[in-house]
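Chemist: Structure file upload-v5.txt (compact mmCIF, C-alpha atoms) is given on the next line.
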```txt
# COMPACT_ATOMS: atom_id res chain seq x y z
CA MET T 1 -11.86 -4.95 18.30
CA SER T 2 -13.02 -5.19 14.70
CA CYS T 3 -11.16 -6.30 11.60
CA ILE T 4 -10.23 -2.90 10.35
CA GLN T 5 -8.68 -1.09 7.42
CA GLN T 6 -8.63 -1.81 3.72
CA PHE T 7 -7.08 -5.22 4.19
CA PHE T 8 -9.27 -6.98 1.68
CA LEU T 9 -8.51 -4.35 -0.96
CA GLY T 10 -4.83 -4.61 -0.12
CA LEU T 11 -4.87 -8.30 -0.91
CA LEU T 12 -6.09 -7.72 -4.43
CA LEU T 13 -2.47 -8.00 -5.41
CA LEU T 14 -1.38 -5.32 -7.87
CA THR T 15 -4.51 -3.15 -7.86
CA ALA T 16 -5.32 0.31 -6.57
CA THR T 17 -2.57 0.43 -3.97
CA THR T 18 0.14 -0.90 -6.27
CA THR T 19 1.65 0.76 -9.32
CA VAL T 20 4.12 -0.84 -11.69
CA VAL T 21 6.28 2.04 -12.86
CA SER T 22 7.72 0.03 -15.69
CA SER T 23 7.78 -3.47 -17.13
CA PHE T 24 10.53 -5.21 -19.03
CA HIS T 25 11.50 -8.36 -20.92
CA LEU T 26 14.74 -10.14 -20.12
CA PRO T 27 16.89 -10.80 -23.20
CA LYS T 28 17.78 -14.46 -23.45
CA THR T 29 21.49 -13.68 -23.74
CA ALA T 30 21.62 -11.08 -21.00
CA SER T 31 23.26 -11.77 -17.67
CA PHE T 32 23.22 -8.94 -15.15
CA GLN T 33 23.49 -10.74 -11.81
CA VAL T 34 25.46 -13.49 -10.14
CA ARG T 35 22.87 -16.11 -9.19
CA ASN T 36 24.69 -18.79 -7.27
CA ASN T 37 22.59 -20.63 -4.68
CA ARG T 38 19.39 -18.84 -5.76
CA HIS T 39 17.18 -20.04 -2.90
CA ALA T 40 19.76 -20.01 -0.15
CA ALA T 41 18.85 -18.94 3.35
CA ASN T 42 20.64 -15.63 2.75
CA PRO T 43 18.94 -14.06 -0.27
CA ARG T 44 21.38 -11.15 -0.30
CA ARG T 45 23.87 -13.29 -2.23
CA SER T 46 21.71 -12.92 -5.33
CA THR T 47 21.95 -9.12 -5.35
CA THR T 48 24.85 -7.27 -6.94
CA SER T 49 26.37 -4.68 -4.61
CA LEU T 50 28.68 -1.85 -5.57
CA GLN T 51 30.48 0.55 -3.26
CA LEU T 52 30.60 4.16 -4.37
CA GLY T 53 32.31 6.19 -1.65
CA GLU T 54 30.38 5.40 1.51
CA MET T 55 27.04 4.82 -0.25
CA GLU T 56 26.26 1.21 -1.14
CA VAL T 57 24.56 0.70 -4.49
CA LEU T 58 22.40 -2.39 -5.01
CA GLU T 59 21.56 -3.57 -8.53
CA VAL T 60 18.39 -5.65 -8.83
CA ASP T 61 15.80 -6.61 -11.41
CA VAL T 62 12.79 -5.48 -9.37
CA ALA T 63 12.57 -2.97 -6.53
CA ILE T 64 9.34 -2.89 -4.53
CA ILE T 65 8.50 0.02 -2.25
CA GLY T 66 6.15 -1.29 0.42
CA GLY T 67 6.15 -4.49 2.44
CA GLY T 68 2.42 -5.07 2.85
CA PRO T 69 0.26 -7.77 1.22
CA ALA T 70 0.57 -6.28 -2.27
CA GLY T 71 4.33 -5.83 -2.02
CA CYS T 72 4.93 -9.30 -0.61
CA THR T 73 2.70 -10.91 -3.23
CA CYS T 74 4.52 -9.11 -6.01
CA ALA T 75 7.88 -10.16 -4.55
CA LEU T 76 6.76 -13.77 -4.31
CA TYR T 77 5.90 -13.87 -8.00
CA THR T 78 8.97 -12.00 -9.24
CA SER T 79 11.33 -14.07 -7.10
CA ARG T 80 9.76 -17.31 -8.29
CA ALA T 81 10.23 -15.98 -11.82
CA ASP T 82 13.97 -15.85 -11.05
CA LEU T 83 14.19 -12.07 -10.92
CA ASN T 84 16.38 -10.47 -8.28
CA THR T 85 13.93 -8.65 -6.04
CA ILE T 86 14.20 -6.31 -3.08
CA ILE T 87 11.42 -5.03 -0.79
CA LEU T 88 11.91 -1.66 0.90
CA ASP T 89 9.58 -1.39 3.87
CA LYS T 90 9.40 1.82 5.90
CA ASN T 91 7.88 0.20 8.99
CA PRO T 92 6.52 -3.37 9.07
CA ALA T 93 4.34 -2.53 12.08
CA SER T 94 2.48 0.47 10.69
CA GLY T 95 0.55 -0.77 7.66
CA ALA T 96 -3.16 -1.42 7.38
CA LEU T 97 -2.78 -5.17 7.79
CA ALA T 98 -0.17 -4.92 10.54
CA ILE T 99 -2.51 -2.99 12.86
CA THR T 100 -5.47 -5.32 12.27
CA SER T 101 -6.32 -7.23 15.42
CA HIS T 102 -7.87 -10.25 13.71
CA ILE T 103 -8.78 -11.33 10.20
CA ALA T 104 -12.48 -11.90 9.55
CA ASN T 105 -12.94 -11.33 5.82
CA TYR T 106 -10.27 -13.33 4.03
CA PRO T 107 -10.96 -16.94 2.91
CA GLY T 108 -9.00 -19.72 4.54
CA VAL T 109 -7.57 -17.67 7.40
CA ASP T 110 -8.43 -18.58 10.97
CA ARG T 111 -10.25 -15.72 12.71
CA THR T 112 -7.85 -15.95 15.62
CA MET T 113 -4.92 -14.92 13.39
CA SER T 114 -3.80 -11.32 13.70
CA GLY T 115 -2.83 -9.11 10.82
CA THR T 116 0.77 -9.08 12.02
CA GLU T 117 0.93 -12.88 11.99
CA LEU T 118 -0.47 -13.11 8.47
CA LEU T 119 1.87 -10.39 7.21
CA THR T 120 4.87 -12.15 8.77
CA GLN T 121 3.97 -15.34 6.91
CA MET T 122 3.66 -13.44 3.64
CA ARG T 123 7.03 -11.77 4.15
CA GLU T 124 8.79 -15.01 5.12
CA GLN T 125 7.38 -16.80 2.10
CA ALA T 126 8.75 -14.14 -0.25
CA VAL T 127 12.15 -14.23 1.47
CA GLN T 128 12.29 -18.03 1.23
CA TYR T 129 12.14 -17.72 -2.55
CA GLY T 130 15.00 -15.24 -2.67
CA THR T 131 13.52 -11.81 -2.01
CA ARG T 132 15.74 -9.44 -0.10
CA TYR T 133 13.78 -7.58 2.57
CA GLU T 134 15.05 -4.30 3.97
CA LYS T 135 13.56 -1.89 6.49
CA ALA T 136 14.29 1.44 4.85
CA GLN T 137 12.76 4.87 4.35
CA VAL T 138 12.61 5.91 0.71
CA PHE T 139 13.00 9.66 0.22
CA MET T 140 13.34 9.97 -3.56
CA ILE T 141 13.07 7.98 -6.79
CA ASP T 142 14.19 8.50 -10.40
CA VAL T 143 12.23 6.64 -13.06
CA LYS T 144 13.61 7.84 -16.38
CA GLU T 145 16.78 6.87 -18.20
CA GLU T 146 17.74 10.50 -18.66
CA GLU T 147 17.54 10.94 -14.88
CA THR T 148 19.52 7.84 -13.92
CA GLY T 149 21.98 7.91 -16.82
CA ASP T 150 21.73 4.11 -17.10
CA SER T 151 20.11 2.34 -20.06
CA VAL T 152 19.80 -0.97 -18.17
CA TYR T 153 18.92 -0.01 -14.60
CA THR T 154 16.61 2.84 -15.48
CA LYS T 155 15.04 3.19 -12.01
CA CYS T 156 16.82 4.53 -8.92
CA VAL T 157 15.48 4.41 -5.37
CA TYR T 158 17.25 6.45 -2.72
CA THR T 159 17.38 5.67 1.01
CA PRO T 160 19.62 7.17 3.72
CA ASP T 161 21.87 4.09 3.71
CA TYR T 162 22.07 2.97 0.09
CA THR T 163 20.82 3.46 -3.45
CA ILE T 164 18.94 0.76 -5.33
CA LYS T 165 19.27 0.59 -9.11
CA ALA T 166 16.47 -1.47 -10.66
CA ARG T 167 15.18 -2.45 -14.06
CA ALA T 168 11.58 -2.21 -12.84
CA LEU T 169 10.00 -0.40 -9.91
CA VAL T 170 6.76 -1.33 -8.15
CA LEU T 171 5.00 1.09 -5.82
CA ALA T 172 3.00 -0.86 -3.23
CA THR T 173 2.64 1.81 -0.57
CA GLY T 174 -0.66 0.51 0.78
CA ALA T 175 -3.89 1.96 2.12
CA MET T 176 -2.51 4.07 4.95
CA GLY T 177 -0.89 6.83 2.93
CA ARG T 178 -3.66 9.36 3.49
CA VAL T 179 -2.94 13.05 3.40
CA GLY T 180 -4.40 15.74 5.58
CA LYS T 181 -4.44 16.55 9.25
CA PRO T 182 -5.89 13.75 11.42
CA PHE T 183 -8.92 14.60 13.50
CA PRO T 184 -8.63 14.54 17.32
CA GLY T 185 -8.59 10.99 18.72
CA GLU T 186 -8.03 9.30 15.36
CA LYS T 187 -4.73 7.65 16.27
CA LYS T 188 -5.75 6.97 19.86
CA PHE T 189 -8.86 5.01 18.89
CA LEU T 190 -7.52 3.36 15.77
CA GLY T 191 -8.76 -0.22 15.93
CA GLN T 192 -11.13 0.64 18.74
CA GLY T 193 -13.93 2.07 16.64
CA VAL T 194 -11.94 4.08 14.11
CA SER T 195 -11.90 2.38 10.72
CA TYR T 196 -10.85 3.28 7.19
CA CYS T 197 -12.94 0.74 5.29
CA ALA T 198 -16.74 0.64 5.43
CA THR T 199 -16.82 -2.37 3.11
CA CYS T 200 -14.59 -4.30 5.50
CA ASP T 201 -16.15 -3.21 8.78
CA GLY T 202 -19.68 -2.06 8.04
CA ALA T 203 -21.23 -5.26 9.39
CA PHE T 204 -19.62 -4.62 12.78
CA TYR T 205 -21.62 -1.42 13.19
CA ARG T 206 -25.09 -2.80 12.57
CA ASP T 207 -27.77 -0.73 14.35
CA SER T 208 -25.07 1.59 15.71
CA GLU T 209 -24.63 5.33 15.41
CA VAL T 210 -21.56 6.10 13.30
CA ALA T 211 -19.79 9.14 11.86
CA VAL T 212 -17.88 9.47 8.60
CA TYR T 213 -15.23 12.20 8.42
CA GLY T 214 -14.12 13.70 5.12
CA SER T 215 -15.31 15.77 2.17
CA SER T 216 -14.15 13.55 -0.69
CA THR T 217 -16.16 11.34 -3.00
CA GLU T 218 -14.67 8.36 -1.16
CA ALA T 219 -16.13 9.63 2.13
CA ILE T 220 -19.56 10.02 0.52
CA GLU T 221 -19.48 6.48 -0.87
CA GLU T 222 -18.43 5.08 2.52
CA ALA T 223 -21.24 6.96 4.25
CA MET T 224 -23.79 5.74 1.71
CA PHE T 225 -22.65 2.16 2.21
CA LEU T 226 -22.96 2.45 5.99
CA THR T 227 -26.61 3.49 5.74
CA LYS T 228 -27.38 -0.20 5.14
CA PHE T 229 -26.10 -1.11 8.59
CA ALA T 230 -26.01 1.84 10.95
CA SER T 231 -29.05 3.30 12.68
CA THR T 232 -27.69 6.82 12.08
CA VAL T 233 -24.82 8.06 9.92
CA HIS T 234 -23.32 11.47 10.66
CA TRP T 235 -21.34 13.06 7.86
CA VAL T 236 -18.64 15.31 9.35
CA VAL T 237 -16.79 17.62 6.97
CA PRO T 238 -14.04 20.21 7.47
CA THR T 239 -15.69 22.69 5.06
CA ASP T 240 -19.13 24.16 4.43
CA ILE T 241 -20.36 21.63 1.87
CA GLU T 242 -23.74 23.25 1.27
CA LYS T 243 -22.09 26.57 0.48
CA GLU T 244 -19.59 24.91 -1.83
CA LEU T 245 -22.28 23.02 -3.72
CA GLN T 246 -24.47 26.09 -4.09
CA GLY T 247 -21.64 28.48 -4.92
CA GLY T 248 -20.10 26.59 -7.82
CA MET T 249 -18.63 23.36 -9.13
CA ASP T 250 -15.03 23.86 -8.04
CA ILE T 251 -15.08 20.80 -5.82
CA GLU T 252 -16.46 18.58 -8.55
CA LYS T 253 -14.14 20.11 -11.15
CA ASN T 254 -11.14 19.15 -9.05
CA LYS T 255 -12.54 15.62 -8.73
CA ILE T 256 -12.47 15.93 -4.96
CA MET T 257 -16.21 15.38 -4.66
CA ASP T 258 -18.99 14.15 -6.90
CA HIS T 259 -21.85 16.68 -6.85
CA ASP T 260 -24.66 14.18 -7.49
CA GLU T 261 -23.43 11.75 -4.83
CA ALA T 262 -23.12 14.57 -2.31
CA MET T 263 -26.71 15.67 -2.94
CA GLN T 264 -27.92 12.06 -2.69
CA LEU T 265 -26.25 11.61 0.67
CA MET T 266 -27.57 14.90 2.02
CA SER T 267 -31.10 13.90 1.02
CA CYS T 268 -30.98 10.65 3.02
CA PRO T 269 -33.49 10.62 5.93
```
With the file now loaded, output its structure as structure tokens.

Modeler:
Amino acid sequence: MSCIQQFFLGLLLLTATTTVVSSFHLPKTASFQVRNNRHAANPRRSTTSLQLGEMEVLEVDVAIIGGGPAGCTCALYTSRADLNTIILDKNPASGALAITSHIANYPGVDRTMSGTELLTQMREQAVQYGTRYEKAQVFMIDVKEEETGDSVYTKCVYTPDYTIKARALVLATGAMGRVGKPFPGEKKFLGQGVSYCATCDGAFYRDSEVAVYGSSTEAIEEAMFLTKFASTVHWVVPTDIEKELQGGMDIEKNKIMDHDEAMQLMSCP
């Protein structure tokens, strides 16, 4: 089983898969949280909790949606900076790193280590410095003061069990949040030949016959990259690409596909 997914990209900290919704500067005289025993074994003591009816409200400095490498790295830095931090992770077993069988492209990591083991270490390290980790499904966020009605905690994150009020919100939802209907067998063979990262896994398919599914510019770039390794690259698309390219520039206009790259790929022998 190959080292799959966009793991290496995910470890580029706060890059493409992470968005900081807002930044802030802490006033020297401000005191918003009770911070006794900052690095205690139970990090929840450093988070202010309010009870409104039956819905618990948590007040923190930084709320992070996503518990993958980017989210854990962000939490590690914010917690070490003495900012009350919470990670909201939908499912720790479903991310790109979590479903990776072994790590082959990250410096200093033994190739026998699984993605789950590495992710567990990242999570535990963040928690040790005071991060609160919660398994929770986020269904809505508010990011403006006029929406939250609070000039200090201007971000609100809503889960079925509680509401988090934060001064800054980081979106670290990872590389698995793809839209669209999966093709038959995609989930079944994930990690057994199905990959989402040609840069990560291209070397595993040297002299093999591979297929790339998708009609986006990203799919074209992945297919072009694989031509360096694979004996044959099949480009499988859900639409009639030739007709689209000949009939107009709607695809390119919508930035779904780059016309020149598509023509370059189609001209490959």

Chemist: Nearest to T:Asp89 among T:Gly115, T:Gly174, T:Gly149, T:Gly185, with distances taken over all atoms listed in the file: which residue is it?

Modeler: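 Ranking T:Gly115, T:Gly174, T:Gly149, T:Gly185 by distance to T:Asp89, first place goes to T:Gly174.
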
Chemist: Taking all atoms listed in the file into account, which of T:Gln192, T:Thr163, T:Gln121, T:Thr239 comes nearest T:Gly67?

Modeler: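 Nearest to T:Gly67: T:Gln121.
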
Chemist: What does the structure give for the distance between atom CA of T:Ala168 and atom CA of T:Val62, in Å to one decimal?

Modeler: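 So the two atoms, atom CA of T:Ala168 and atom CA of T:Val62, lie 4.9 Å apart.
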
Chemist: Determine, counting all atoms listed in the file, which protein, DNA and RNA residues have an atom within 12 Å of an atom of T:Ser94; residues of the same chain fewer than 5 positions away are not included. Present the result as a PyMOL selection string.

Modeler: chain T and resi 5+66-68+89+99-100+115-116+119+173-177+187+190

Chemist: To one decimal in Å, tell me the separation between atom CA of T:Ala230 and atom CA of T:Val210.

Modeler: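 Rounded to one decimal, the two atoms are 6.6 Å apart.
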
Chemist: Just the residues within 9 Å of T:Val233, please, counting all atoms listed in the file, with nothing from its chain fewer than 3 positions along; format it as an MDAnalysis selection string.

Modeler: chainID T and resid 208:212 223:224 226:227 230

Chemist: Could you check the closest approach to T:Gly71 for each of T:Arg123, T:His102, T:Lys144, T:Lys155 and tell me which residue wins, using only C-alpha atoms?

Modeler: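 Among the listed residues, the smallest separation from T:Gly71 belongs to T:Arg123.
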
Chemist: At what distance in Å, to one decimal, does atom CA of T:Val60 lie from atom CA of T:Arg167?

Modeler: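 These two atoms are separated by 6.9 Å.
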